[in-house]
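Listing of query_31.pdb, PDB, C-alpha atoms
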```
MODEL        1
ATOM      1  CA  ALA H   1     -10.590  19.928   7.911  1.00  0.00           C
ATOM      2  CA  GLN H   2      -8.670  17.014   6.529  1.00  0.00           C
ATOM      3  CA  THR H   3     -10.112  14.287   4.315  1.00  0.00           C
ATOM      4  CA  VAL H   4      -8.650  10.932   3.325  1.00  0.00           C
ATOM      5  CA  THR H   5      -9.918   9.012   0.323  1.00  0.00           C
ATOM      6  CA  GLN H   6      -9.375   5.352  -0.489  1.00  0.00           C
ATOM      7  CA  SER H   7     -11.004   4.668  -3.829  1.00  0.00           C
ATOM      8  CA  GLN H   8     -10.538   0.888  -3.881  1.00  0.00           C
ATOM      9  CA  PRO H   9     -13.060  -0.792  -1.556  1.00  0.00           C
ATOM     10  CA  GLU H  10     -11.774  -4.277  -2.387  1.00  0.00           C
ATOM     11  CA  MET H  11      -8.721  -5.780  -4.057  1.00  0.00           C
ATOM     12  CA  SER H  12      -7.389  -9.269  -4.530  1.00  0.00           C
ATOM     13  CA  VAL H  13      -4.039 -10.573  -5.690  1.00  0.00           C
ATOM     14  CA  GLN H  14      -2.298 -13.921  -6.059  1.00  0.00           C
ATOM     15  CA  GLU H  15       0.130 -14.952  -3.369  1.00  0.00           C
ATOM     16  CA  ALA H  16       3.714 -13.791  -4.054  1.00  0.00           C
ATOM     17  CA  GLU H  17       2.578 -10.998  -6.372  1.00  0.00           C
ATOM     18  CA  THR H  18       2.879  -7.263  -5.743  1.00  0.00           C
ATOM     19  CA  VAL H  19      -0.136  -5.081  -4.990  1.00  0.00           C
ATOM     20  CA  THR H  20      -0.540  -1.323  -4.591  1.00  0.00           C
ATOM     21  CA  LEU H  21      -3.255   0.299  -2.486  1.00  0.00           C
ATOM     22  CA  SER H  22      -4.156   3.900  -3.254  1.00  0.00           C
ATOM     23  CA  CYS H  23      -4.776   6.786  -0.884  1.00  0.00           C
ATOM     24  CA  THR H  24      -5.252  10.496  -1.511  1.00  0.00           C
ATOM     25  CA  TYR H  25      -5.760  13.193   1.078  1.00  0.00           C
ATOM     26  CA  ASP H  26      -6.614  16.827   1.309  1.00  0.00           C
ATOM     27  CA  THR H  27      -5.104  19.245   3.802  1.00  0.00           C
ATOM     28  CA  SER H  28      -3.834  22.783   4.079  1.00  0.00           C
ATOM     29  CA  GLU H  29      -1.221  21.723   6.640  1.00  0.00           C
ATOM     30  CA  ASN H  30       2.452  21.574   5.733  1.00  0.00           C
ATOM     31  CA  ASN H  31       3.625  19.320   8.563  1.00  0.00           C
ATOM     32  CA  TYR H  32       1.827  16.069   9.184  1.00  0.00           C
ATOM     33  CA  TYR H  33       2.091  12.303   9.366  1.00  0.00           C
ATOM     34  CA  LEU H  34       0.559   9.675   7.135  1.00  0.00           C
ATOM     35  CA  PHE H  35      -0.046   6.091   8.141  1.00  0.00           C
ATOM     36  CA  TRP H  36      -1.160   2.757   6.821  1.00  0.00           C
ATOM     37  CA  TYR H  37      -2.915   0.528   9.342  1.00  0.00           C
ATOM     38  CA  LYS H  38      -3.736  -3.134   8.857  1.00  0.00           C
ATOM     39  CA  GLN H  39      -6.834  -4.666  10.440  1.00  0.00           C
ATOM     40  CA  PRO H  40      -6.914  -8.474  10.195  1.00  0.00           C
ATOM     41  CA  PRO H  41     -10.001 -10.494  11.160  1.00  0.00           C
ATOM     42  CA  SER H  42      -8.837 -10.301  14.785  1.00  0.00           C
ATOM     43  CA  ARG H  43      -9.930  -6.628  14.643  1.00  0.00           C
ATOM     44  CA  GLN H  44      -6.626  -5.343  16.054  1.00  0.00           C
ATOM     45  CA  MET H  45      -5.349  -2.128  14.428  1.00  0.00           C
ATOM     46  CA  ILE H  46      -1.725  -2.726  13.465  1.00  0.00           C
ATOM     47  CA  LEU H  47       0.557   0.053  12.272  1.00  0.00           C
ATOM     48  CA  VAL H  48       2.160  -1.014   8.993  1.00  0.00           C
ATOM     49  CA  ILE H  49       4.126   2.062   8.000  1.00  0.00           C
ATOM     50  CA  ARG H  50       4.474   5.728   8.871  1.00  0.00           C
ATOM     51  CA  GLN H  51       5.601   8.711   6.785  1.00  0.00           C
ATOM     52  CA  GLU H  52       6.527  12.168   7.995  1.00  0.00           C
ATOM     53  CA  ALA H  53       5.568  14.803   5.459  1.00  0.00           C
ATOM     54  CA  TYR H  54       8.824  16.755   5.749  1.00  0.00           C
ATOM     55  CA  LYS H  55      10.826  13.692   4.698  1.00  0.00           C
ATOM     56  CA  GLN H  56      11.219  13.313   0.947  1.00  0.00           C
ATOM     57  CA  GLN H  57      12.416   9.727   1.217  1.00  0.00           C
ATOM     58  CA  ASN H  58       9.664   7.145   1.010  1.00  0.00           C
ATOM     59  CA  ALA H  59       9.257   4.953   4.087  1.00  0.00           C
ATOM     60  CA  THR H  60       9.868   1.213   3.839  1.00  0.00           C
ATOM     61  CA  GLU H  61       9.285  -1.643   6.277  1.00  0.00           C
ATOM     62  CA  ASN H  62      10.441  -5.000   4.906  1.00  0.00           C
ATOM     63  CA  ARG H  63       7.932  -5.950   2.169  1.00  0.00           C
ATOM     64  CA  PHE H  64       5.921  -2.751   2.652  1.00  0.00           C
ATOM     65  CA  SER H  65       6.799   0.552   1.036  1.00  0.00           C
ATOM     66  CA  VAL H  66       5.020   3.766   0.228  1.00  0.00           C
ATOM     67  CA  ASN H  67       5.007   6.171  -2.684  1.00  0.00           C
ATOM     68  CA  PHE H  68       4.542   9.571  -1.063  1.00  0.00           C
ATOM     69  CA  GLN H  69       3.810  12.407  -3.472  1.00  0.00           C
ATOM     70  CA  LYS H  70       3.345  15.502  -1.319  1.00  0.00           C
ATOM     71  CA  ALA H  71       2.425  17.900  -4.117  1.00  0.00           C
ATOM     72  CA  ALA H  72      -0.158  15.489  -5.476  1.00  0.00           C
ATOM     73  CA  LYS H  73      -1.327  14.585  -1.942  1.00  0.00           C
ATOM     74  CA  SER H  74      -1.008  10.926  -2.713  1.00  0.00           C
ATOM     75  CA  PHE H  75       0.177   8.164  -0.386  1.00  0.00           C
ATOM     76  CA  SER H  76       0.032   4.663  -1.864  1.00  0.00           C
ATOM     77  CA  LEU H  77       1.116   1.431  -0.170  1.00  0.00           C
ATOM     78  CA  LYS H  78       3.003  -1.256  -2.082  1.00  0.00           C
ATOM     79  CA  ILE H  79       3.099  -4.791  -0.718  1.00  0.00           C
ATOM     80  CA  SER H  80       5.741  -6.960  -2.363  1.00  0.00           C
ATOM     81  CA  ASP H  81       5.814 -10.771  -2.343  1.00  0.00           C
ATOM     82  CA  SER H  82       2.333 -10.824  -0.836  1.00  0.00           C
ATOM     83  CA  GLN H  83       1.564 -13.492   1.746  1.00  0.00           C
ATOM     84  CA  LEU H  84      -1.662 -15.078   2.959  1.00  0.00           C
ATOM     85  CA  GLY H  85      -1.208 -13.273   6.262  1.00  0.00           C
ATOM     86  CA  ASP H  86      -1.497  -9.955   4.436  1.00  0.00           C
ATOM     87  CA  THR H  87      -5.220 -10.600   3.957  1.00  0.00           C
ATOM     88  CA  ALA H  88      -6.853  -7.783   5.927  1.00  0.00           C
ATOM     89  CA  MET H  89      -8.553  -4.432   5.820  1.00  0.00           C
ATOM     90  CA  TYR H  90      -6.083  -1.604   5.203  1.00  0.00           C
ATOM     91  CA  PHE H  91      -6.709   1.952   6.334  1.00  0.00           C
ATOM     92  CA  CYS H  92      -4.868   5.077   5.293  1.00  0.00           C
ATOM     93  CA  ALA H  93      -4.791   7.766   7.987  1.00  0.00           C
ATOM     94  CA  PHE H  94      -3.655  11.380   8.471  1.00  0.00           C
ATOM     95  CA  MET H  95      -2.441  13.169  11.609  1.00  0.00           C
ATOM     96  CA  LYS H  96      -1.376  16.791  12.021  1.00  0.00           C
ATOM     97  CA  SER H  97       2.028  17.126  13.636  1.00  0.00           C
ATOM     98  CA  ASN H  98       0.941  19.547  16.339  1.00  0.00           C
ATOM     99  CA  PHE H  99       1.697  18.858  19.950  1.00  0.00           C
ATOM    100  CA  GLY H 100      -1.483  17.926  21.760  1.00  0.00           C
ATOM    101  CA  ASN H 101      -3.408  17.356  18.530  1.00  0.00           C
ATOM    102  CA  GLU H 102      -3.045  13.682  17.765  1.00  0.00           C
ATOM    103  CA  LYS H 103      -6.375  13.237  16.023  1.00  0.00           C
ATOM    104  CA  LEU H 104      -6.378  10.671  13.249  1.00  0.00           C
ATOM    105  CA  THR H 105      -8.500  11.053  10.133  1.00  0.00           C
ATOM    106  CA  PHE H 106      -9.104   7.729   8.413  1.00  0.00           C
ATOM    107  CA  GLY H 107     -10.066   6.674   4.932  1.00  0.00           C
ATOM    108  CA  THR H 108     -12.867   4.177   4.420  1.00  0.00           C
ATOM    109  CA  GLY H 109     -10.494   1.266   3.942  1.00  0.00           C
ATOM    110  CA  THR H 110      -9.502  -1.281   1.302  1.00  0.00           C
ATOM    111  CA  ARG H 111     -10.270  -4.946   1.888  1.00  0.00           C
ATOM    112  CA  LEU H 112      -7.309  -6.923   0.519  1.00  0.00           C
ATOM    113  CA  THR H 113      -7.544 -10.647  -0.147  1.00  0.00           C
ATOM    114  CA  ILE H 114      -4.470 -12.709  -0.962  1.00  0.00           C
ATOM    115  CA  ILE H 115      -5.390 -15.725  -3.081  1.00  0.00           C
ATOM    116  CA  PRO H 116      -3.388 -18.926  -2.554  1.00  0.00           C
TER     117      PRO H 116
ATOM    118  CA  ASN J   1       3.958  -4.135  28.739  1.00  0.00           C
ATOM    119  CA  ALA J   2       0.155  -4.233  28.309  1.00  0.00           C
ATOM    120  CA  GLY J   3      -0.190  -1.146  26.058  1.00  0.00           C
ATOM    121  CA  VAL J   4      -3.825  -0.114  25.620  1.00  0.00           C
ATOM    122  CA  THR J   5      -6.419  -2.349  27.257  1.00  0.00           C
ATOM    123  CA  GLN J   6     -10.113  -2.165  26.472  1.00  0.00           C
ATOM    124  CA  THR J   7     -12.904  -3.971  28.257  1.00  0.00           C
ATOM    125  CA  PRO J   8     -15.217  -5.626  27.472  1.00  0.00           C
ATOM    126  CA  LYS J   9     -14.434  -7.186  24.082  1.00  0.00           C
ATOM    127  CA  PHE J  10     -18.101  -7.836  23.304  1.00  0.00           C
ATOM    128  CA  GLN J  11     -21.323  -6.380  24.704  1.00  0.00           C
ATOM    129  CA  VAL J  12     -25.021  -6.583  23.894  1.00  0.00           C
ATOM    130  CA  LEU J  13     -27.276  -3.851  25.268  1.00  0.00           C
ATOM    131  CA  LYS J  14     -30.968  -3.180  25.125  1.00  0.00           C
ATOM    132  CA  THR J  15     -32.162   0.171  23.835  1.00  0.00           C
ATOM    133  CA  GLY J  16     -32.147   2.705  26.650  1.00  0.00           C
ATOM    134  CA  GLN J  17     -29.588   0.918  28.817  1.00  0.00           C
ATOM    135  CA  SER J  18     -26.395   2.653  29.867  1.00  0.00           C
ATOM    136  CA  MET J  19     -22.894   1.292  30.067  1.00  0.00           C
ATOM    137  CA  THR J  20     -19.255   2.288  30.263  1.00  0.00           C
ATOM    138  CA  LEU J  21     -16.507   1.077  27.971  1.00  0.00           C
ATOM    139  CA  GLN J  22     -13.225   0.986  29.818  1.00  0.00           C
ATOM    140  CA  CYS J  23      -9.854   2.002  28.408  1.00  0.00           C
ATOM    141  CA  ALA J  24      -6.542   1.971  30.223  1.00  0.00           C
ATOM    142  CA  GLN J  25      -2.981   2.548  29.031  1.00  0.00           C
ATOM    143  CA  ASP J  26       0.282   2.021  30.864  1.00  0.00           C
ATOM    144  CA  MET J  27       2.590   4.038  28.589  1.00  0.00           C
ATOM    145  CA  ASN J  28       2.094   7.410  30.326  1.00  0.00           C
ATOM    146  CA  HIS J  29       0.612   8.865  27.148  1.00  0.00           C
ATOM    147  CA  GLU J  30      -1.035  12.268  27.449  1.00  0.00           C
ATOM    148  CA  TYR J  31      -3.337  11.923  24.476  1.00  0.00           C
ATOM    149  CA  MET J  32      -6.197   9.411  24.474  1.00  0.00           C
ATOM    150  CA  SER J  33      -9.136   9.076  22.145  1.00  0.00           C
ATOM    151  CA  TRP J  34     -12.185   7.015  21.247  1.00  0.00           C
ATOM    152  CA  TYR J  35     -13.164   6.025  17.713  1.00  0.00           C
ATOM    153  CA  ARG J  36     -16.074   4.109  16.325  1.00  0.00           C
ATOM    154  CA  GLN J  37     -15.808   1.904  13.247  1.00  0.00           C
ATOM    155  CA  ASP J  38     -18.794   1.353  11.002  1.00  0.00           C
ATOM    156  CA  PRO J  39     -18.886  -0.575   7.709  1.00  0.00           C
ATOM    157  CA  GLY J  40     -17.854   1.571   4.766  1.00  0.00           C
ATOM    158  CA  MET J  41     -17.014   4.576   6.965  1.00  0.00           C
ATOM    159  CA  GLY J  42     -13.598   3.869   8.410  1.00  0.00           C
ATOM    160  CA  LEU J  43     -12.916   5.030  11.971  1.00  0.00           C
ATOM    161  CA  ARG J  44     -14.448   8.253  13.228  1.00  0.00           C
ATOM    162  CA  LEU J  45     -13.381  10.223  16.278  1.00  0.00           C
ATOM    163  CA  ILE J  46     -15.906  10.408  19.124  1.00  0.00           C
ATOM    164  CA  HIS J  47     -14.057  12.196  21.959  1.00  0.00           C
ATOM    165  CA  TYR J  48     -10.465  12.844  22.877  1.00  0.00           C
ATOM    166  CA  SER J  49      -8.364  14.031  25.789  1.00  0.00           C
ATOM    167  CA  VAL J  50      -5.013  15.839  25.795  1.00  0.00           C
ATOM    168  CA  GLY J  51      -4.385  15.155  29.484  1.00  0.00           C
ATOM    169  CA  ALA J  52      -6.018  14.464  32.829  1.00  0.00           C
ATOM    170  CA  GLY J  53      -8.995  16.761  33.367  1.00  0.00           C
ATOM    171  CA  ILE J  54      -9.166  17.887  29.718  1.00  0.00           C
ATOM    172  CA  THR J  55     -11.559  16.413  27.164  1.00  0.00           C
ATOM    173  CA  ASP J  56     -13.088  17.595  23.916  1.00  0.00           C
ATOM    174  CA  GLN J  57     -15.511  16.443  21.257  1.00  0.00           C
ATOM    175  CA  GLY J  58     -14.569  14.760  18.023  1.00  0.00           C
ATOM    176  CA  GLU J  59     -16.550  14.221  14.858  1.00  0.00           C
ATOM    177  CA  VAL J  60     -19.423  12.100  16.274  1.00  0.00           C
ATOM    178  CA  PRO J  61     -19.845  12.922  20.012  1.00  0.00           C
ATOM    179  CA  ASN J  62     -23.630  12.773  20.376  1.00  0.00           C
ATOM    180  CA  GLY J  63     -24.846  10.131  22.824  1.00  0.00           C
ATOM    181  CA  TYR J  64     -21.431   9.654  24.461  1.00  0.00           C
ATOM    182  CA  ASN J  65     -19.730  11.115  27.525  1.00  0.00           C
ATOM    183  CA  VAL J  66     -16.114  10.922  28.623  1.00  0.00           C
ATOM    184  CA  SER J  67     -14.009  11.979  31.564  1.00  0.00           C
ATOM    185  CA  ARG J  68     -10.286  11.802  32.291  1.00  0.00           C
ATOM    186  CA  SER J  69      -9.508  11.777  35.988  1.00  0.00           C
ATOM    187  CA  THR J  70      -6.127  10.049  35.602  1.00  0.00           C
ATOM    188  CA  THR J  71      -3.500   9.827  32.875  1.00  0.00           C
ATOM    189  CA  GLU J  72      -4.070   6.073  32.586  1.00  0.00           C
ATOM    190  CA  ASP J  73      -7.861   5.802  32.204  1.00  0.00           C
ATOM    191  CA  PHE J  74     -10.312   7.201  29.664  1.00  0.00           C
ATOM    192  CA  PRO J  75     -13.769   5.602  29.960  1.00  0.00           C
ATOM    193  CA  LEU J  76     -16.508   6.114  27.377  1.00  0.00           C
ATOM    194  CA  ARG J  77     -20.085   6.256  28.668  1.00  0.00           C
ATOM    195  CA  LEU J  78     -23.232   5.551  26.715  1.00  0.00           C
ATOM    196  CA  LEU J  79     -26.024   7.242  28.655  1.00  0.00           C
ATOM    197  CA  SER J  80     -29.032   5.741  26.842  1.00  0.00           C
ATOM    198  CA  ALA J  81     -28.020   3.235  24.190  1.00  0.00           C
ATOM    199  CA  ALA J  82     -29.622   3.412  20.751  1.00  0.00           C
ATOM    200  CA  PRO J  83     -29.435   0.941  17.834  1.00  0.00           C
ATOM    201  CA  SER J  84     -27.454   3.580  15.894  1.00  0.00           C
ATOM    202  CA  GLN J  85     -24.645   3.087  18.417  1.00  0.00           C
ATOM    203  CA  THR J  86     -24.130  -0.493  17.287  1.00  0.00           C
ATOM    204  CA  SER J  87     -20.499  -0.396  16.205  1.00  0.00           C
ATOM    205  CA  VAL J  88     -16.946  -1.423  16.992  1.00  0.00           C
ATOM    206  CA  TYR J  89     -15.264   0.961  19.401  1.00  0.00           C
ATOM    207  CA  PHE J  90     -11.527   1.579  19.617  1.00  0.00           C
ATOM    208  CA  CYS J  91      -9.551   3.406  22.239  1.00  0.00           C
ATOM    209  CA  ALA J  92      -6.160   4.822  21.264  1.00  0.00           C
ATOM    210  CA  SER J  93      -3.343   6.623  23.033  1.00  0.00           C
ATOM    211  CA  SER J  94      -0.268   8.505  21.907  1.00  0.00           C
ATOM    212  CA  TYR J  95       2.587  10.611  23.219  1.00  0.00           C
ATOM    213  CA  SER J  96       2.457  14.149  21.907  1.00  0.00           C
ATOM    214  CA  GLY J  97       4.801  14.849  19.072  1.00  0.00           C
ATOM    215  CA  LEU J  98       5.750  11.261  18.302  1.00  0.00           C
ATOM    216  CA  GLY J  99       3.145  10.863  15.601  1.00  0.00           C
ATOM    217  CA  GLU J 100       2.102   7.340  16.439  1.00  0.00           C
ATOM    218  CA  ALA J 101      -1.119   6.023  17.968  1.00  0.00           C
ATOM    219  CA  PHE J 102      -1.490   2.753  19.851  1.00  0.00           C
ATOM    220  CA  PHE J 103      -4.855   1.036  19.698  1.00  0.00           C
ATOM    221  CA  GLY J 104      -6.732  -1.248  22.035  1.00  0.00           C
ATOM    222  CA  GLN J 105      -8.223  -4.467  20.706  1.00  0.00           C
ATOM    223  CA  GLY J 106     -11.677  -2.979  20.221  1.00  0.00           C
ATOM    224  CA  THR J 107     -15.148  -3.554  21.679  1.00  0.00           C
ATOM    225  CA  ARG J 108     -17.962  -4.879  19.532  1.00  0.00           C
ATOM    226  CA  LEU J 109     -21.177  -3.338  20.844  1.00  0.00           C
ATOM    227  CA  THR J 110     -24.626  -4.393  19.690  1.00  0.00           C
ATOM    228  CA  VAL J 111     -27.716  -2.446  20.760  1.00  0.00           C
ATOM    229  CA  VAL J 112     -30.994  -4.303  20.243  1.00  0.00           C
TER     230      VAL J 112
ENDMDL
END
```

Take the structure in the file and write it out as structure tokens.
Amino acid sequence: AQTVTQSQPEMSVQEAETVTLSCTYDTSENNYYLFWYKQPPSRQMILVIRQEAYKQQNATENRFSVNFQKAAKSFSLKISDSQLGDTAMYFCAFMKSNFGNEKLTFGTGTRLTIIP
Amino acid sequence: NAGVTQTPKFQVLKTGQSMTLQCAQDMNHEYMSWYRQDPGMGLRLIHYSVGAGITDQGEVPNGYNVSRSTTEDFPLRLLSAAPSQTSVYFCASSYSGLGEAFFGQGTRLTVV
């Protein structure tokens, strides 16, 4: 079974600064996906960024980037130039890359607050 | 394009009552699933389906039933609600092999 650990329950950072959220996972699989989801107060689950394990290059999406260390089973999210709208709960998640097995395993989340 | 639609958004039940949470998707996704979100525990898988007529249990299935008669719909039934089922429920769908799940907007359920 897979496990996902987010060791930072809460974080806060000043607007315009950079913040890094940590995530580690445990799996015996070689092929899988890793995700960061954002959950603002509206409760909607929003996909922030996605990483395929076979790709060595770290994924980036505008101000969001990841540091994917496959051997260390680490998958951190860096938010640059943080904005007030980044205030949300952030979840790290794991999915095997098997057809028909799209189950997501989530971490417990990190509540991020951007301070004006 | 509506994506994944969940109804209702909010619901209060009395202990012992039954209800069905509705989930519909219009993306022709084979895989659909239900998660519950509790404080400090992230999202946990309740039941999932890999196609019409096929369902299976996830991590926390007790007290819930599902069926999948069509590709589009995947309702979650609470047979006899208990306070421990107070939670936020999410439905998700995905297309096999794409490695991306689409979520509904969630249902906040309170059992008193």

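Distance annotation: of J:Leu13, J:Met27, J:Ala92, J:Ala81, the residue with the minimal separation from J:Ile46 is J:Ala92; atom set is only C-alpha atoms.
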
With distances taken over all atoms listed in the file, the candidate from H:Val66, H:Leu21, H:Ala59, H:Ala53 nearest chain J is H:Ala53

Q) Taking all atoms listed in the file into account, what are the residues of chain J at most 9 Å from chain H, put as a ChimeraX atom specification? A) /J:30-33,39-45,48-51,58,90,93-106

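With all atoms listed in the file as the basis for measurement, J:Lys14 is the residue among J:Lys14, J:Gly53, J:Asn65, J:Glu72 that approaches J:Ser84 most closely.
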
If you apply the PyMOL selection byres ((chain H and resi 18) around 12) to this file, what residues do you get, as a PDB file with C-alpha atoms, in the frame of the given file?
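As written to disk, expr-v1.pdb reads:
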```
ATOM      1  CA  MET H  11      -8.721  -5.780  -4.057  1.00  0.00           C
ATOM      2  CA  SER H  12      -7.389  -9.269  -4.530  1.00  0.00           C
ATOM      3  CA  VAL H  13      -4.039 -10.573  -5.690  1.00  0.00           C
ATOM      4  CA  GLN H  14      -2.298 -13.921  -6.059  1.00  0.00           C
ATOM      5  CA  GLU H  15       0.130 -14.952  -3.369  1.00  0.00           C
ATOM      6  CA  ALA H  16       3.714 -13.791  -4.054  1.00  0.00           C
ATOM      7  CA  GLU H  17       2.578 -10.998  -6.372  1.00  0.00           C
ATOM      8  CA  VAL H  19      -0.136  -5.081  -4.990  1.00  0.00           C
ATOM      9  CA  THR H  20      -0.540  -1.323  -4.591  1.00  0.00           C
ATOM     10  CA  LEU H  21      -3.255   0.299  -2.486  1.00  0.00           C
ATOM     11  CA  ARG H  63       7.932  -5.950   2.169  1.00  0.00           C
ATOM     12  CA  PHE H  64       5.921  -2.751   2.652  1.00  0.00           C
ATOM     13  CA  SER H  65       6.799   0.552   1.036  1.00  0.00           C
ATOM     14  CA  LEU H  77       1.116   1.431  -0.170  1.00  0.00           C
ATOM     15  CA  LYS H  78       3.003  -1.256  -2.082  1.00  0.00           C
ATOM     16  CA  ILE H  79       3.099  -4.791  -0.718  1.00  0.00           C
ATOM     17  CA  SER H  80       5.741  -6.960  -2.363  1.00  0.00           C
ATOM     18  CA  ASP H  81       5.814 -10.771  -2.343  1.00  0.00           C
ATOM     19  CA  SER H  82       2.333 -10.824  -0.836  1.00  0.00           C
ATOM     20  CA  GLN H  83       1.564 -13.492   1.746  1.00  0.00           C
ATOM     21  CA  ASP H  86      -1.497  -9.955   4.436  1.00  0.00           C
ATOM     22  CA  LEU H 112      -7.309  -6.923   0.519  1.00  0.00           C
ATOM     23  CA  ILE H 114      -4.470 -12.709  -0.962  1.00  0.00           C
TER      24      ILE H 114
END
```
